[in-house]
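Quick notes on the structure that follows.
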Amino acid sequence: MAEVSLIIGGRAHRIACADGQEAQLERLGAMVAERWETAQRAAGGTGAERTMLLIALMLADALSDAQRASASASGGNDAAPLLDAIATRLEALATALEHDGKSA
(Lines give C-alpha, C1' and ligand atoms only; values in the text may rest on other atoms or scores of the structure.)
Protein backbone atom coordinates (compact mmCIF):
# COMPACT_ATOMS: atom_id res chain seq x y z
CA MET A 1 0.00 0.00 0.00
CA ALA A 2 1.33 3.41 -1.00
CA GLU A 3 1.10 6.64 0.93
CA VAL A 4 0.79 10.19 -0.37
CA SER A 5 1.30 13.45 1.47
CA LEU A 6 -1.17 16.16 0.48
CA ILE A 7 -0.76 19.77 1.54
CA ILE A 8 -4.22 21.30 2.01
CA GLY A 9 -4.82 24.51 3.87
CA GLY A 10 -1.18 24.67 4.90
CA ARG A 11 -1.37 21.28 6.64
CA ALA A 12 0.16 18.00 5.55
CA HIS A 13 -2.17 15.01 5.35
CA ARG A 14 -0.76 11.49 4.87
CA ILE A 15 -3.25 9.38 2.90
CA ALA A 16 -2.89 5.67 2.10
CA CYS A 17 -3.84 4.48 -1.36
CA ALA A 18 -3.48 1.46 -3.60
CA ASP A 19 -0.11 1.11 -5.31
CA GLY A 20 -0.16 2.94 -8.62
CA GLN A 21 -2.87 5.39 -7.52
CA GLU A 22 -0.49 7.99 -6.10
CA ALA A 23 -0.68 10.38 -9.08
CA GLN A 24 -4.48 10.22 -9.13
CA LEU A 25 -4.67 10.95 -5.39
CA GLU A 26 -2.28 13.87 -5.85
CA ARG A 27 -4.52 15.25 -8.65
CA LEU A 28 -7.59 14.92 -6.41
CA GLY A 29 -5.74 16.55 -3.53
CA ALA A 30 -4.81 19.45 -5.82
CA MET A 31 -8.49 19.89 -6.68
CA VAL A 32 -9.29 20.19 -2.99
CA ALA A 33 -6.30 22.45 -2.25
CA GLU A 34 -7.14 24.88 -5.04
CA ARG A 35 -10.57 25.45 -3.49
CA TRP A 36 -9.31 25.84 0.08
CA GLU A 37 -8.93 29.61 0.18
CA THR A 38 -12.36 30.27 -1.33
CA ALA A 39 -14.03 27.77 1.00
CA GLN A 40 -12.21 29.13 4.03
CA ARG A 41 -13.41 32.66 3.27
CA ALA A 42 -16.96 31.36 2.78
CA ALA A 43 -16.75 29.47 6.08
CA GLY A 44 -15.80 32.69 7.84
CA GLY A 45 -12.80 31.09 9.52
CA THR A 46 -14.99 28.70 11.52
CA GLY A 47 -12.61 25.79 11.14
CA ALA A 48 -11.20 23.12 8.89
CA GLU A 49 -14.21 20.80 9.14
CA ARG A 50 -16.62 23.43 7.79
CA THR A 51 -14.10 24.46 5.13
CA MET A 52 -13.83 20.82 3.99
CA LEU A 53 -17.63 20.57 3.91
CA LEU A 54 -17.80 23.61 1.63
CA ILE A 55 -15.08 22.15 -0.62
CA ALA A 56 -17.04 18.89 -0.83
CA LEU A 57 -20.14 20.86 -1.82
CA MET A 58 -18.18 22.79 -4.47
CA LEU A 59 -16.87 19.54 -5.93
CA ALA A 60 -20.32 17.93 -5.78
CA ASP A 61 -21.71 20.96 -7.62
CA ALA A 62 -19.04 20.63 -10.31
CA LEU A 63 -19.79 16.92 -10.59
CA SER A 64 -23.50 17.63 -10.89
CA ASP A 65 -22.84 20.14 -13.66
CA ALA A 66 -20.67 17.58 -15.47
CA GLN A 67 -23.40 14.95 -15.15
CA ARG A 68 -26.00 17.31 -16.61
CA ALA A 69 -23.68 18.38 -19.44
CA SER A 70 -22.82 14.78 -20.23
CA ALA A 71 -26.47 13.71 -20.23
CA SER A 72 -27.37 16.64 -22.51
CA ALA A 73 -24.49 15.97 -24.89
CA SER A 74 -25.13 12.24 -25.20
CA GLY A 75 -28.91 12.41 -25.08
CA GLY A 76 -28.84 9.94 -22.21
CA ASN A 77 -26.86 9.03 -19.15
CA ASP A 78 -24.07 6.83 -20.57
CA ALA A 79 -21.50 8.50 -18.32
CA ALA A 80 -23.43 7.78 -15.14
CA PRO A 81 -21.28 4.81 -14.00
CA LEU A 82 -18.07 6.80 -14.47
CA LEU A 83 -19.47 9.86 -12.70
CA ASP A 84 -20.76 7.67 -9.86
CA ALA A 85 -17.27 6.19 -9.49
CA ILE A 86 -15.77 9.70 -9.38
CA ALA A 87 -18.31 10.77 -6.77
CA THR A 88 -17.50 7.71 -4.66
CA ARG A 89 -13.78 8.45 -4.84
CA LEU A 90 -14.34 12.09 -3.88
CA GLU A 91 -16.46 11.03 -0.92
CA ALA A 92 -13.76 8.59 0.20
CA LEU A 93 -11.13 11.31 -0.07
CA ALA A 94 -13.26 13.75 1.92
CA THR A 95 -13.82 11.11 4.62
CA ALA A 96 -10.11 10.31 4.81
CA LEU A 97 -9.20 13.99 5.09
CA GLU A 98 -11.87 14.54 7.74
CA HIS A 99 -10.52 11.65 9.84
CA ASP A 100 -6.97 12.93 9.38
CA GLY A 101 -8.03 16.39 10.57
CA LYS A 102 -9.73 15.00 13.68
CA SER A 103 -6.71 12.93 14.71
CA ALA A 104 -4.25 15.82 14.35
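The chains in the C-alpha coordinates are called A, B, ... from first to last as shown; in each chain the residues are counted from 1, and the ligands are counted from 1 in the order shown.
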Test item: residues at most 10 Å from Glu34 of chain A, only C-alpha atoms, excluding those fewer than 6 positions along its chain, as a list in words: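 Those residues are Ile8, Gly9 and Ile55 of chain A.
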Neighbour list for Thr88 of chain A as an mmCIF file with N, CA, C and O atoms, in the first residue's frame, cut-off 12 Å, only C-alpha atoms, skip fewer than 4 positions in-chain:
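The result, written out as result.cif:
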```cif
data_model
loop_
_atom_site.group_PDB
_atom_site.id
_atom_site.type_symbol
_atom_site.label_atom_id
_atom_site.label_comp_id
_atom_site.auth_asym_id
_atom_site.auth_seq_id
_atom_site.Cartn_x
_atom_site.Cartn_y
_atom_site.Cartn_z
ATOM 1 N N ALA A 56 -16.289 20.055 -0.347
ATOM 2 C CA ALA A 56 -17.036 18.890 -0.829
ATOM 3 C C ALA A 56 -18.273 19.326 -1.605
ATOM 4 O O ALA A 56 -18.598 18.766 -2.661
ATOM 5 N N LEU A 59 -17.201 20.645 -5.027
ATOM 6 C CA LEU A 59 -16.866 19.541 -5.930
ATOM 7 C C LEU A 59 -18.118 18.782 -6.350
ATOM 8 O O LEU A 59 -18.234 18.366 -7.510
ATOM 9 N N ALA A 60 -19.059 18.608 -5.434
ATOM 10 C CA ALA A 60 -20.317 17.934 -5.777
ATOM 11 C C ALA A 60 -21.088 18.761 -6.805
ATOM 12 O O ALA A 60 -21.690 18.206 -7.738
ATOM 13 N N LEU A 63 -19.435 18.247 -10.111
ATOM 14 C CA LEU A 63 -19.787 16.917 -10.592
ATOM 15 C C LEU A 63 -21.209 16.898 -11.132
ATOM 16 O O LEU A 63 -21.483 16.333 -12.203
ATOM 17 N N PRO A 81 -22.152 5.665 -14.822
ATOM 18 C CA PRO A 81 -21.281 4.808 -14.001
ATOM 19 C C PRO A 81 -19.927 5.457 -13.700
ATOM 20 O O PRO A 81 -19.435 5.372 -12.578
ATOM 21 N N LEU A 82 -19.350 6.140 -14.691
ATOM 22 C CA LEU A 82 -18.069 6.800 -14.473
ATOM 23 C C LEU A 82 -18.219 7.942 -13.469
ATOM 24 O O LEU A 82 -17.419 8.092 -12.545
ATOM 25 N N LEU A 83 -19.251 8.741 -13.616
ATOM 26 C CA LEU A 83 -19.470 9.857 -12.699
ATOM 27 C C LEU A 83 -19.788 9.366 -11.289
ATOM 28 O O LEU A 83 -19.356 9.975 -10.304
ATOM 29 N N ASP A 84 -20.511 8.253 -11.183
ATOM 30 C CA ASP A 84 -20.764 7.666 -9.863
ATOM 31 C C ASP A 84 -19.461 7.220 -9.211
ATOM 32 O O ASP A 84 -19.261 7.406 -8.004
ATOM 33 N N ALA A 92 -14.765 9.320 -0.574
ATOM 34 C CA ALA A 92 -13.757 8.593 0.201
ATOM 35 C C ALA A 92 -12.604 9.516 0.577
ATOM 36 O O ALA A 92 -12.101 9.470 1.707
ATOM 37 N N LEU A 93 -12.197 10.366 -0.362
ATOM 38 C CA LEU A 93 -11.126 11.310 -0.072
ATOM 39 C C LEU A 93 -11.550 12.284 1.016
ATOM 40 O O LEU A 93 -10.800 12.550 1.953
ATOM 41 N N ALA A 94 -12.759 12.812 0.912
ATOM 42 C CA ALA A 94 -13.255 13.750 1.925
ATOM 43 C C ALA A 94 -13.309 13.092 3.299
ATOM 44 O O ALA A 94 -12.927 13.694 4.306
ATOM 45 N N THR A 95 -13.750 11.843 3.356
ATOM 46 C CA THR A 95 -13.816 11.114 4.623
ATOM 47 C C THR A 95 -12.427 10.910 5.202
ATOM 48 O O THR A 95 -12.201 11.123 6.395
#
```
Spatial neighbours of Cys17 of chain A, max dist 7 Å, only C-alpha atoms, sep filter under 2 positions, as a ChimeraX atom specification: /A:1-3,15,19,21-22
All strand (DSSP E) residues (DSSP, backbone) inside segment 2-61 of chain A, as a PyMOL selection string: chain A and resi 2-8+11-17
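Take the candidates A:Met58, A:Ala18, A:Val4, A:Ala23 and check each one against Leu90 of chain A using only C-alpha atoms; the shortest distance goes to A:Met58.
Here atom CA of Glu49 of chain A and atom CA of Ala30 of chain A stand 17.7 Å from one another.
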